[in-house]
file structure.cif (mmCIF, C-alpha atoms and all ligand atoms)
data_work
loop_
_atom_site.label_atom_id
_atom_site.label_comp_id
_atom_site.auth_asym_id
_atom_site.auth_seq_id
_atom_site.Cartn_x
_atom_site.Cartn_y
_atom_site.Cartn_z
CA MET H 8 183.21 88.76 -23.10
CA VAL H 9 180.78 88.68 -20.21
CA ALA H 10 177.43 88.83 -21.89
CA ASP H 11 173.77 89.20 -21.13
CA ALA H 12 171.25 86.55 -22.05
CA SER H 13 171.51 85.21 -25.58
CA ASP H 14 169.57 82.29 -27.04
CA ASP H 15 172.18 80.48 -29.10
CA SER H 16 175.43 80.87 -27.15
CA ARG H 17 176.83 78.43 -24.60
CA ARG H 18 176.34 80.05 -21.21
CA TRP H 19 178.44 79.06 -18.23
CA LEU H 20 177.48 80.01 -14.71
CA VAL H 21 180.41 81.46 -12.76
CA THR H 22 180.10 82.09 -9.04
CA GLY H 23 182.44 84.45 -7.22
CA GLY H 24 182.73 86.74 -10.22
CA ASN H 25 183.98 89.61 -8.06
CA GLY H 26 186.73 87.64 -6.33
CA GLN H 27 190.35 87.38 -7.49
CA VAL H 28 189.76 84.44 -9.81
CA GLY H 29 186.37 85.74 -10.93
CA ARG H 30 187.78 89.13 -11.90
CA ALA H 31 190.63 87.41 -13.74
CA LEU H 32 188.05 85.33 -15.61
CA ARG H 33 186.42 88.54 -16.84
CA GLU H 34 189.73 89.51 -18.49
CA THR H 35 190.55 86.11 -19.99
CA PRO H 36 189.69 85.22 -23.61
CA LEU H 37 186.75 82.81 -23.67
CA PRO H 38 186.47 79.62 -25.71
CA ALA H 39 184.59 80.23 -28.97
CA GLY H 40 180.84 80.58 -28.47
CA VAL H 41 180.99 80.77 -24.67
CA GLU H 42 179.39 83.51 -22.58
CA LEU H 43 179.81 83.80 -18.84
CA TYR H 44 176.81 84.44 -16.61
CA MET H 45 178.31 85.91 -13.43
CA PRO H 46 175.60 86.91 -10.98
CA GLY H 47 176.76 88.73 -7.85
CA ARG H 48 175.78 87.62 -4.38
CA GLU H 49 172.71 89.90 -4.48
CA VAL H 50 171.32 87.50 -7.13
CA LEU H 51 173.06 84.27 -6.12
CA ASP H 52 173.87 84.22 -2.41
CA LEU H 53 175.69 80.98 -1.67
CA ALA H 54 174.49 81.17 1.90
CA ASP H 55 170.89 81.15 0.68
CA LEU H 56 170.79 79.65 -2.80
CA PRO H 57 167.62 79.84 -4.89
CA ASN H 58 166.23 76.77 -6.68
CA MET H 59 169.30 75.90 -8.73
CA ASP H 60 167.52 73.33 -10.93
CA ARG H 61 165.25 76.08 -12.14
CA LEU H 62 168.01 78.68 -12.46
CA LEU H 63 170.11 76.39 -14.67
CA VAL H 64 167.16 75.88 -17.01
CA ASP H 65 165.98 79.51 -16.98
CA GLU H 66 169.48 80.83 -17.68
CA ASN H 67 170.25 78.10 -20.22
CA ILE H 68 173.45 77.08 -18.40
CA CYS H 69 175.78 74.49 -20.02
CA ALA H 70 178.53 74.35 -17.37
CA ILE H 71 179.31 75.69 -13.89
CA ILE H 72 182.57 77.15 -12.60
CA ASN H 73 182.42 77.58 -8.83
CA CYS H 74 185.07 80.01 -7.68
CA ALA H 75 183.04 81.62 -4.92
CA ALA H 76 184.15 80.66 -1.45
CA TYR H 77 184.37 81.78 2.13
CA THR H 78 188.09 82.61 2.00
CA ALA H 79 188.66 84.48 5.28
CA VAL H 80 190.90 81.76 6.70
CA ASP H 81 191.39 83.26 10.17
CA LYS H 82 187.82 84.53 10.56
CA ALA H 83 186.55 81.05 9.68
CA GLU H 84 187.87 79.83 13.04
CA SER H 85 185.02 81.75 14.67
CA GLU H 86 182.50 81.38 11.80
CA ALA H 87 182.65 77.66 11.18
CA ASP H 88 178.95 77.32 10.33
CA LEU H 89 179.03 80.04 7.68
CA ALA H 90 182.27 78.69 6.18
CA HIS H 91 180.67 75.25 5.97
CA ILE H 92 177.47 76.57 4.40
CA ILE H 93 179.34 78.43 1.64
CA ASN H 94 182.28 76.09 1.04
CA ALA H 95 180.53 72.75 1.47
CA LYS H 96 176.73 73.02 1.46
CA ALA H 97 176.53 75.46 -1.48
CA ALA H 98 179.09 73.42 -3.44
CA GLU H 99 176.91 70.36 -2.84
CA THR H 100 173.79 72.18 -4.05
CA LEU H 101 175.53 73.47 -7.19
CA ALA H 102 176.99 70.06 -8.00
CA SER H 103 173.68 68.24 -7.41
CA ALA H 104 171.95 70.65 -9.76
CA ALA H 105 174.73 70.11 -12.32
CA ALA H 106 174.25 66.34 -12.01
CA LYS H 107 170.48 66.63 -12.56
CA ALA H 108 170.99 68.92 -15.54
CA THR H 109 173.77 66.64 -16.85
CA ILE H 110 176.17 69.56 -17.18
CA PRO H 111 179.77 69.60 -15.94
CA ILE H 112 181.05 71.54 -12.93
CA VAL H 113 184.56 72.77 -12.19
CA HIS H 114 185.02 73.54 -8.50
CA VAL H 115 188.00 75.41 -7.06
CA SER H 116 189.63 74.07 -3.90
CA THR H 117 192.77 74.52 -1.87
CA ASP H 118 196.12 73.21 -0.65
CA TYR H 119 194.72 73.66 2.88
CA VAL H 120 193.12 70.20 2.65
CA PHE H 121 196.62 68.88 3.49
CA ASP H 122 198.36 69.06 6.85
CA GLY H 123 201.56 70.41 5.26
CA LEU H 124 203.76 68.12 7.30
CA VAL H 125 205.28 66.31 4.32
CA LEU H 126 208.20 68.65 3.87
CA GLU H 127 210.41 67.11 1.23
CA ARG H 128 208.09 67.12 -1.81
CA ALA H 129 204.98 68.62 -3.37
CA TYR H 130 201.59 67.05 -2.62
CA VAL H 131 199.98 64.87 -5.29
CA GLU H 132 196.24 64.57 -5.79
CA ASN H 133 195.81 61.29 -3.94
CA ASP H 134 197.97 62.13 -0.94
CA PRO H 135 196.05 61.71 2.34
CA VAL H 136 194.14 64.84 3.37
CA ASP H 137 194.10 66.20 6.91
CA PRO H 138 193.05 69.87 7.13
CA GLN H 139 194.50 71.85 10.01
CA ASN H 140 191.94 74.64 10.18
CA ILE H 141 188.20 75.27 9.81
CA TYR H 142 188.54 76.72 6.31
CA GLY H 143 190.43 73.60 5.18
CA HIS H 144 187.79 71.33 6.71
CA SER H 145 184.99 73.25 4.98
CA LYS H 146 186.78 73.12 1.61
CA LEU H 147 187.45 69.39 1.97
CA ALA H 148 183.76 68.80 2.72
CA GLY H 149 182.98 70.79 -0.44
CA GLU H 150 185.36 68.65 -2.52
CA ARG H 151 183.75 65.46 -1.24
CA ALA H 152 180.22 66.71 -1.84
CA VAL H 153 181.06 67.68 -5.43
CA LEU H 154 182.76 64.34 -6.11
CA GLU H 155 179.82 62.41 -4.63
CA SER H 156 177.15 64.44 -6.46
CA GLY H 157 177.22 62.32 -9.60
CA ALA H 158 178.08 65.34 -11.74
CA ARG H 159 180.95 65.20 -14.22
CA ALA H 160 183.21 67.22 -12.01
CA ILE H 161 186.71 68.57 -11.69
CA ILE H 162 188.12 69.75 -8.39
CA LEU H 163 190.90 72.20 -9.14
CA ARG H 164 193.08 72.63 -6.06
CA THR H 165 195.22 75.73 -6.10
CA ALA H 166 197.23 77.78 -3.60
CA TRP H 167 198.74 81.15 -2.68
CA VAL H 168 196.52 83.04 -5.15
CA VAL H 169 197.80 86.47 -6.18
CA SER H 170 196.43 89.04 -8.60
CA PRO H 171 195.96 92.77 -9.09
CA PHE H 172 192.56 92.39 -7.38
CA GLY H 173 191.08 92.11 -3.90
CA ASN H 174 193.15 91.08 -0.94
CA ASN H 175 196.32 89.12 -1.47
CA PHE H 176 199.92 88.96 -0.31
CA VAL H 177 201.40 90.97 -3.20
CA LYS H 178 199.03 93.86 -2.65
CA THR H 179 199.57 93.75 1.10
CA MET H 180 203.36 93.87 0.67
CA LEU H 181 203.20 96.82 -1.71
CA ARG H 182 200.93 98.71 0.68
CA LEU H 183 203.02 97.95 3.76
CA GLY H 184 206.19 98.75 1.82
CA GLN H 185 204.89 102.30 1.29
CA GLU H 186 204.00 102.67 4.97
CA ARG H 187 207.01 101.17 6.75
CA ASP H 188 210.80 101.10 6.46
CA ALA H 189 211.11 97.50 7.66
CA LEU H 190 208.92 94.40 7.40
CA ASN H 191 209.03 90.99 9.08
CA VAL H 192 207.97 88.18 6.75
CA VAL H 193 207.44 84.50 7.51
CA GLY H 194 210.19 82.39 5.98
CA ASP H 195 209.31 78.86 7.08
CA GLN H 196 206.12 78.24 5.08
CA ILE H 197 206.72 77.05 1.55
CA GLY H 198 204.30 77.07 -1.37
CA ASN H 199 203.61 77.99 -4.98
CA PRO H 200 202.56 81.60 -5.60
CA THR H 201 199.88 81.37 -8.29
CA SER H 202 198.35 83.91 -10.65
CA ALA H 203 194.55 84.23 -10.58
CA HIS H 204 194.75 84.88 -14.33
CA ASP H 205 196.53 81.55 -14.87
CA ILE H 206 193.91 79.80 -12.75
CA ALA H 207 191.17 81.50 -14.78
CA ALA H 208 192.66 80.34 -18.09
CA THR H 209 192.98 76.82 -16.68
CA LEU H 210 189.37 76.76 -15.50
CA LEU H 211 188.16 77.80 -18.96
CA THR H 212 190.29 75.17 -20.69
CA MET H 213 189.04 72.42 -18.40
CA ALA H 214 185.39 73.44 -18.55
CA ALA H 215 185.53 73.61 -22.36
CA ARG H 216 187.05 70.15 -22.56
CA LEU H 217 184.49 68.70 -20.13
CA GLU H 218 181.65 70.29 -22.05
CA LYS H 219 182.80 68.99 -25.44
CA ASP H 220 184.30 65.63 -24.56
CA GLN H 221 182.32 63.13 -22.47
CA THR H 222 185.53 61.14 -21.91
CA ALA H 223 187.58 64.10 -20.63
CA PRO H 224 189.39 63.28 -17.38
CA THR H 225 187.49 64.22 -14.22
CA GLY H 226 188.37 64.17 -10.52
CA ILE H 227 190.95 66.12 -8.55
CA PHE H 228 193.71 68.14 -10.23
CA HIS H 229 196.37 70.42 -8.79
CA PHE H 230 197.16 73.70 -10.51
CA VAL H 231 199.78 76.19 -9.32
CA ASN H 232 202.48 78.19 -11.06
CA SER H 233 205.79 76.35 -11.33
CA GLY H 234 208.62 76.76 -8.85
CA HIS H 235 208.24 77.34 -5.14
CA ALA H 236 208.95 80.04 -2.57
CA ASN H 237 208.45 80.96 1.03
CA TRP H 238 206.62 84.20 1.92
CA TYR H 239 209.93 85.99 2.50
CA ASP H 240 211.18 85.00 -1.00
CA LEU H 241 207.90 86.17 -2.48
CA ALA H 242 208.08 89.52 -0.67
CA ALA H 243 211.67 89.98 -1.85
CA ARG H 244 210.64 89.31 -5.44
CA VAL H 245 207.72 91.76 -5.19
CA PHE H 246 209.95 94.57 -3.90
CA GLU H 247 212.75 93.82 -6.34
CA ARG H 248 210.30 94.23 -9.21
CA ALA H 249 208.55 97.23 -7.65
CA SER H 250 211.90 98.98 -7.21
CA GLN H 251 212.20 99.02 -11.00
CA HIS H 252 209.15 101.29 -10.93
CA GLY H 253 210.75 103.60 -8.40
CA PHE H 254 209.12 102.08 -5.31
CA ALA H 255 211.11 102.29 -2.07
CA ILE H 256 212.25 98.87 -0.81
CA PRO H 257 211.73 98.26 2.92
CA GLU H 258 214.24 96.25 4.88
CA LEU H 259 213.00 92.64 5.04
CA ALA H 260 213.60 90.30 7.98
CA LYS H 261 212.78 86.60 7.94
CA ILE H 262 210.71 85.39 10.89
CA THR H 263 209.18 82.04 11.84
CA THR H 264 205.54 81.01 11.88
CA ALA H 265 205.81 80.80 15.67
CA GLU H 266 206.77 84.49 15.73
CA TYR H 267 203.67 85.43 13.72
CA PRO H 268 200.77 83.60 15.39
CA THR H 269 197.41 83.58 13.57
CA PRO H 270 194.02 82.19 14.67
CA ALA H 271 194.14 79.53 11.92
CA LYS H 272 197.05 77.13 11.65
CA ARG H 273 198.80 77.21 8.22
CA PRO H 274 200.53 74.25 6.52
CA ALA H 275 204.34 74.44 6.61
CA ASN H 276 204.44 72.89 3.13
CA SER H 277 201.73 73.95 0.67
CA MET H 278 203.49 72.83 -2.51
CA LEU H 279 201.22 71.10 -5.03
CA ASP H 280 202.50 68.73 -7.71
CA THR H 281 201.09 69.57 -11.15
CA SER H 282 202.25 66.51 -13.12
CA LYS H 283 198.69 65.21 -13.52
CA ILE H 284 197.18 68.35 -15.04
CA ARG H 285 200.22 68.84 -17.27
CA GLU H 286 199.89 65.30 -18.59
CA GLN H 287 196.11 64.93 -18.82
CA TYR H 288 195.23 68.48 -19.91
CA ASN H 289 198.47 69.39 -21.71
CA MET H 290 198.91 72.46 -19.52
CA ASN H 291 201.95 74.63 -19.98
CA ILE H 292 202.59 76.26 -16.63
CA ARG H 293 204.73 79.37 -16.26
CA PRO H 294 207.05 80.11 -13.33
CA TRP H 295 205.60 82.06 -10.41
CA GLN H 296 208.23 84.78 -10.88
CA ASP H 297 206.79 85.68 -14.31
CA ALA H 298 203.32 85.94 -12.81
CA ILE H 299 204.58 88.16 -9.99
CA ASN H 300 206.38 90.48 -12.41
CA GLU H 301 203.18 90.90 -14.41
CA ILE H 302 201.08 91.68 -11.33
CA VAL H 303 203.60 94.07 -9.78
CA ASP H 304 204.08 95.88 -13.11
CA ARG H 305 200.33 96.35 -13.44
CA LEU H 306 199.83 97.51 -9.87
CA CYS H 307 202.75 99.94 -10.08
CA GLU H 308 201.58 101.32 -13.41
CA GLU H 309 198.03 101.73 -12.08
CA LYS H 310 199.38 103.49 -8.99
CA GLY H 311 201.64 105.65 -11.13
CA SER H 312 198.84 106.71 -13.45
CA ALA H 313 196.55 107.43 -10.47
CA ALA H 314 199.17 109.68 -8.84
N1 LIG H 401 193.09 83.17 -2.15
C1 LIG H 401 193.92 82.13 -2.02
O1 LIG H 401 195.12 82.26 -1.70
C2 LIG H 401 193.40 80.74 -2.32
C3 LIG H 401 194.25 79.66 -2.07
C4 LIG H 401 193.80 78.36 -2.37
C5 LIG H 401 192.53 78.18 -2.90
N2 LIG H 401 191.72 79.27 -3.10
C6 LIG H 401 190.38 79.03 -3.64
O2 LIG H 401 190.29 79.70 -4.88
C7 LIG H 401 188.93 80.10 -5.09
C8 LIG H 401 188.91 81.57 -5.45
O3 LIG H 401 189.53 82.30 -4.43
P1 LIG H 401 189.72 83.87 -4.52
O4 LIG H 401 191.06 84.19 -3.97
O5 LIG H 401 189.32 84.34 -5.88
O6 LIG H 401 188.63 84.32 -3.46
P2 LIG H 401 188.12 85.79 -3.10
O7 LIG H 401 188.89 86.82 -3.83
O8 LIG H 401 188.02 85.85 -1.62
O9 LIG H 401 186.66 85.78 -3.72
C9 LIG H 401 185.66 84.95 -3.20
C10 LIG H 401 184.39 85.23 -3.96
O10 LIG H 401 183.36 84.45 -3.33
C11 LIG H 401 182.24 85.27 -3.21
N3 LIG H 401 181.38 84.89 -2.10
C12 LIG H 401 181.73 84.71 -0.81
N4 LIG H 401 180.62 84.43 -0.09
C13 LIG H 401 179.58 84.44 -0.96
C14 LIG H 401 178.20 84.23 -0.84
N5 LIG H 401 177.61 83.98 0.35
N6 LIG H 401 177.42 84.31 -1.94
C15 LIG H 401 177.97 84.59 -3.15
N7 LIG H 401 179.28 84.80 -3.33
C16 LIG H 401 180.07 84.72 -2.25
C17 LIG H 401 182.78 86.66 -2.95
O11 LIG H 401 181.77 87.58 -3.22
P3 LIG H 401 181.92 89.14 -2.84
O12 LIG H 401 182.81 89.70 -3.92
O13 LIG H 401 180.53 89.63 -2.91
O14 LIG H 401 182.52 89.19 -1.47
C18 LIG H 401 183.95 86.69 -3.92
O15 LIG H 401 183.50 87.07 -5.20
C19 LIG H 401 188.18 79.73 -3.82
O16 LIG H 401 187.56 78.49 -4.00
C20 LIG H 401 189.27 79.58 -2.78
O17 LIG H 401 188.89 78.69 -1.76
C21 LIG H 401 192.14 80.54 -2.83
#

call {"tool": "encode", "arguments": {"input": "structure.cif", "output": "structure tokens", "more": "lines below"}}
Ligand SMILES: NC(=O)c1ccc[n+]([C@@H]2O[C@H](COP(=O)([O-])OP(=O)(O)OC[C@H]3O[C@@H](n4cnc5c(N)ncnc54)[C@H](OP(=O)(O)O)[C@@H]3O)[C@@H](O)[C@H]2O)c1
result
Amino acid sequence: MVADASDDSRRWLVTGGNGQVGRALRETPLPAGVELYMPGREVLDLADLPNMDRLLVDENICAIINCAAYTAVDKAESEADLAHIINAKAAETLASAAAKATIPIVHVSTDYVFDGLVLERAYVENDPVDPQNIYGHSKLAGERAVLESGARAIILRTAWVVSPFGNNFVKTMLRLGQERDALNVVGDQIGNPTSAHDIAATLLTMAARLEKDQTAPTGIFHFVNSGHANWYDLAARVFERASQHGFAIPELAKITTAEYPTPAKRPANSMLDTSKIREQYNMNIRPWQDAINEIVDRLCEEKGSAA
């Protein structure tokens, strides 16, 4: 339930409530007694934050989940200052306020902190970071600011986020698949497609544990759905599932990153190792294929019922 002000409930501030993860959070069962306070950017603009110390007191906030971010990876190459303000400066302000208020903060980050050049395995939390684009640099600065704030903090790094909401690869494929007979899809970047709903459930579990248990593990954690894919594999899975709903399947061709140049450089390997979160937070993580089926089914059913 996303509720209005109430005196006796535990209220958590969630930023980015209209993004993929934020919208998934709205649909995810909350821990007992928790209400989410999810102001939009008209109330809480991360580029121009109000006095957060006061807001946390006035709104009776017990924990913060920061899933707002400047996520336009290519556009960030020409808007470095704005990306830094939202992804680093605002994260610092939120975490400092959390530290002063002695409340925990869970901050969402990205695989793009890595260079992606380690090809043979998934990245672990303490692998060396080396972002390859402006977005990655801004997110890394945000991670460091949160960790240095003194707040009890978790950095949840995730990757390849997909959902029925907003802009993401699954939605783009389904749209393009209706418009074209053939699609070229990059086949030499590997990663872990990850459901925004699974991230949302993970964020709630971690925030609840941090709020209740002063000894709960803090620091950096990786969370992605299990298994890995390249973008071509992911597109093939999307269309295979969509075909069960009567969608036409375009012809897919595998191309290289070099054949699909973008302003921001992408890591060749984005795979994140989730051993730490599975061990320390007892997370059961489902395969990415299950998440994709769920999203495609929902999108196809919504499209079908709108037709
Ligand atoms: N998408 C991915 O593939 C991916 C991969 C790795 C990590 N992540 C991380 O996962 C987290 C969630 O990503 P997502 O995919 O849910 O992002 P998203 O769909 O792009 O949503 C971002 C949210 O941030 C909000 N926002 C941006 N600028 C703002 C500002 N100045 N003031 C207030 N709110 C602002 C947006 O508000 P509006 O709705 O008003 O625009 C939106 O609600 C982010 O930390 C992101 O870095 C994402």

call {"tool": "closest_atom_pairs", "arguments": {"input": "structure.cif", "of": "chain H", "to": "ligand LIG 401 (chain H)", "cutoff": "7 Å", "atoms": "all atoms listed in the file", "output": "Markdown table"}}
result
| residue | atom | partner | partner_atom | distance |
| --- | --- | --- | --- | --- |
| H:Thr22 | CA | H:LIG401 | N7 | 6.4 |
| H:Gly23 | CA | H:LIG401 | O15 | 3.5 |
| H:Gly24 | CA | H:LIG401 | O15 | 5.1 |
| H:Asn25 | CA | H:LIG401 | O15 | 3.9 |
| H:Gly26 | CA | H:LIG401 | O9 | 3.2 |
| H:Gln27 | CA | H:LIG401 | O5 | 3.6 |
| H:Val28 | CA | H:LIG401 | O5 | 4.0 |
| H:Gly29 | CA | H:LIG401 | O5 | 6.0 |
| H:Gly47 | CA | H:LIG401 | O13 | 6.3 |
| H:Arg48 | CA | H:LIG401 | C15 | 3.9 |
| H:Leu51 | CA | H:LIG401 | C15 | 5.7 |
| H:Asp52 | CA | H:LIG401 | N6 | 3.6 |
| H:Leu53 | CA | H:LIG401 | N6 | 3.8 |
| H:Ala54 | CA | H:LIG401 | N5 | 4.5 |
| H:Cys74 | CA | H:LIG401 | C7 | 4.6 |
| H:Ala75 | CA | H:LIG401 | O10 | 3.3 |
| H:Ala76 | CA | H:LIG401 | O10 | 4.3 |
| H:Tyr77 | CA | H:LIG401 | C12 | 4.9 |
| H:Thr78 | CA | H:LIG401 | O8 | 4.9 |
| H:Ile93 | CA | H:LIG401 | N5 | 6.0 |
| H:Val115 | CA | H:LIG401 | O16 | 4.4 |
| H:Ser116 | CA | H:LIG401 | O16 | 4.9 |
| H:Thr117 | CA | H:LIG401 | C5 | 3.8 |
| H:Asp118 | CA | H:LIG401 | C4 | 5.9 |
| H:Lys146 | CA | H:LIG401 | O17 | 6.8 |
| H:Arg164 | CA | H:LIG401 | C5 | 6.4 |
| H:Thr165 | CA | H:LIG401 | C4 | 4.8 |
| H:Ala166 | CA | H:LIG401 | C4 | 3.7 |
| H:Trp167 | CA | H:LIG401 | O1 | 3.9 |
| H:Val168 | CA | H:LIG401 | O1 | 3.8 |
| H:Val169 | CA | H:LIG401 | O1 | 6.7 |
| H:Gly173 | CA | H:LIG401 | O7 | 5.7 |
| H:Asn174 | CA | H:LIG401 | O7 | 6.7 |
| H:Asn175 | CA | H:LIG401 | N1 | 6.8 |

call {"tool": "closest_residue", "arguments": {"input": "structure.cif", "among": "H:Pro268, H:Pro36, H:Pro111, H:Gly157", "to": "Ile71 of chain H", "atoms": "all atoms listed in the file"}}
result
H:Pro111

call {"tool": "residues_around", "arguments": {"input": "structure.cif", "residues": "segment 295-297 of chain H", "least_positions_apart": "6", "cutoff": "10 Å", "atoms": "all atoms listed in the file", "output": "mmCIF file with C-alpha atoms, keeping the file's coordinate frame"}}
result
data_model
loop_
_atom_site.group_PDB
_atom_site.id
_atom_site.type_symbol
_atom_site.label_atom_id
_atom_site.label_comp_id
_atom_site.auth_asym_id
_atom_site.auth_seq_id
_atom_site.Cartn_x
_atom_site.Cartn_y
_atom_site.Cartn_z
ATOM 1 C CA VAL H 169 197.800 86.470 -6.180
ATOM 2 C CA ASN H 199 203.610 77.990 -4.980
ATOM 3 C CA PRO H 200 202.560 81.600 -5.600
ATOM 4 C CA THR H 201 199.880 81.370 -8.290
ATOM 5 C CA SER H 202 198.350 83.910 -10.650
ATOM 6 C CA VAL H 231 199.780 76.190 -9.320
ATOM 7 C CA ASN H 232 202.480 78.190 -11.060
ATOM 8 C CA SER H 233 205.790 76.350 -11.330
ATOM 9 C CA GLY H 234 208.620 76.760 -8.850
ATOM 10 C CA HIS H 235 208.240 77.340 -5.140
ATOM 11 C CA ALA H 236 208.950 80.040 -2.570
ATOM 12 C CA LEU H 241 207.900 86.170 -2.480
ATOM 13 C CA ARG H 244 210.640 89.310 -5.440
ATOM 14 C CA VAL H 245 207.720 91.760 -5.190
ATOM 15 C CA ARG H 248 210.300 94.230 -9.210
#

call {"tool": "closest_residue", "arguments": {"input": "structure.cif", "among": "H:Asp65, H:Asp137, H:Glu132, H:Glu258", "to": "Met180 of chain H", "atoms": "all atoms listed in the file"}}
result
H:Glu258

call {"tool": "closest_residue", "arguments": {"input": "structure.cif", "among": "H:Gly123, H:Glu186, H:Ala70, H:Lys82", "to": "Ala158 of chain H", "atoms": "all atoms listed in the file"}}
result
H:Ala70

call {"tool": "closest_residue", "arguments": {"input": "structure.cif", "among": "H:Leu210, H:Tyr239, H:Gly194, H:Gln287", "to": "Thr222 of chain H", "atoms": "all atoms listed in the file"}}
result
H:Gln287

call {"tool": "atom_distance", "arguments": {"input": "structure.cif", "atom1": "atom CA of Ile141 of chain H", "atom2": "atom CA of Thr281 of chain H"}}
result
25.3 Å

call {"tool": "closest_residue", "arguments": {"input": "structure.cif", "among": "H:Lys310, H:Arg273, H:Arg305, H:Arg182", "to": "Gln139 of chain H", "atoms": "only C-alpha atoms"}}
result
H:Arg273

call {"tool": "closest_residue", "arguments": {"input": "structure.cif", "among": "H:Ile262, H:Ala83, H:Met290, H:Met45", "to": "Glu66 of chain H", "atoms": "all atoms listed in the file"}}
result
H:Met45

call {"tool": "residues_around", "arguments": {"input": "structure.cif", "residues": "Lys96 of chain H", "least_positions_apart": "3", "cutoff": "12 Å", "atoms": "all atoms listed in the file", "output": "list of chain:residue names"}}
result
H:Leu53, H:Ala54, H:Asp55, H:Leu56, H:Ala76, H:Tyr77, H:Asp88, H:Leu89, H:Ala90, H:His91, H:Ile92, H:Ile93, H:Glu99, H:Thr100, H:Leu101, H:Ala102, H:Ser103, H:Ser145, H:Lys146, H:Leu147, H:Ala148, H:Gly149, H:Glu150, H:Arg151, H:Ala152, H:Val153, H:Ser156

call {"tool": "write_last_selection", "arguments": {"input": "structure.cif", "atoms": "C-alpha atoms", "output": "tab-separated table (two decimals), in the coordinates of the input"}}
result
chain	number	residue	atom	x	y	z
H	53	LEU	CA	175.69	80.98	-1.67
H	54	ALA	CA	174.49	81.17	1.90
H	55	ASP	CA	170.89	81.15	0.68
H	56	LEU	CA	170.79	79.65	-2.80
H	76	ALA	CA	184.15	80.66	-1.45
H	77	TYR	CA	184.37	81.78	2.13
H	88	ASP	CA	178.95	77.32	10.33
H	89	LEU	CA	179.03	80.04	7.68
H	90	ALA	CA	182.27	78.69	6.18
H	91	HIS	CA	180.67	75.25	5.97
H	92	ILE	CA	177.47	76.57	4.40
H	93	ILE	CA	179.34	78.43	1.64
H	99	GLU	CA	176.91	70.36	-2.84
H	100	THR	CA	173.79	72.18	-4.05
H	101	LEU	CA	175.53	73.47	-7.19
H	102	ALA	CA	176.99	70.06	-8.00
H	103	SER	CA	173.68	68.24	-7.41
H	145	SER	CA	184.99	73.25	4.98
H	146	LYS	CA	186.78	73.12	1.61
H	147	LEU	CA	187.45	69.39	1.97
H	148	ALA	CA	183.76	68.80	2.72
H	149	GLY	CA	182.98	70.79	-0.44
H	150	GLU	CA	185.36	68.65	-2.52
H	151	ARG	CA	183.75	65.46	-1.24
H	152	ALA	CA	180.22	66.71	-1.84
H	153	VAL	CA	181.06	67.68	-5.43
H	156	SER	CA	177.15	64.44	-6.46

call {"tool": "atom_distance", "arguments": {"input": "structure.cif", "atom1": "atom CA of Arg61 of chain H", "atom2": "atom CA of Ala215 of chain H"}}
result
22.8 Å

call {"tool": "atom_distance", "arguments": {"input": "structure.cif", "atom1": "atom CA of Val177 of chain H", "atom2": "atom CA of Leu211 of chain H"}}
result
24.4 Å

call {"tool": "residues_near_point", "arguments": {"input": "structure.cif", "point": "(202.8, 64.2, -5.4)", "cutoff": "10 Å", "atoms": "all atoms listed in the file", "output": "PyMOL selection string"}}
result
chain H and resi 128-134+229+278-283

call {"tool": "write_last_selection", "arguments": {"input": "structure.cif", "atoms": "C-alpha atoms", "output": "PDB file, in the coordinates of the input"}}
result
ATOM      1  CA  ARG H 128     208.090  67.120  -1.810  1.00  0.00           C
ATOM      2  CA  ALA H 129     204.980  68.620  -3.370  1.00  0.00           C
ATOM      3  CA  TYR H 130     201.590  67.050  -2.620  1.00  0.00           C
ATOM      4  CA  VAL H 131     199.980  64.870  -5.290  1.00  0.00           C
ATOM      5  CA  GLU H 132     196.240  64.570  -5.790  1.00  0.00           C
ATOM      6  CA  ASN H 133     195.810  61.290  -3.940  1.00  0.00           C
ATOM      7  CA  ASP H 134     197.970  62.130  -0.940  1.00  0.00           C
ATOM      8  CA  HIS H 229     196.370  70.420  -8.790  1.00  0.00           C
ATOM      9  CA  MET H 278     203.490  72.830  -2.510  1.00  0.00           C
ATOM     10  CA  LEU H 279     201.220  71.100  -5.030  1.00  0.00           C
ATOM     11  CA  ASP H 280     202.500  68.730  -7.710  1.00  0.00           C
ATOM     12  CA  THR H 281     201.090  69.570 -11.150  1.00  0.00           C
ATOM     13  CA  SER H 282     202.250  66.510 -13.120  1.00  0.00           C
ATOM     14  CA  LYS H 283     198.690  65.210 -13.520  1.00  0.00           C
TER      15      LYS H 283
END
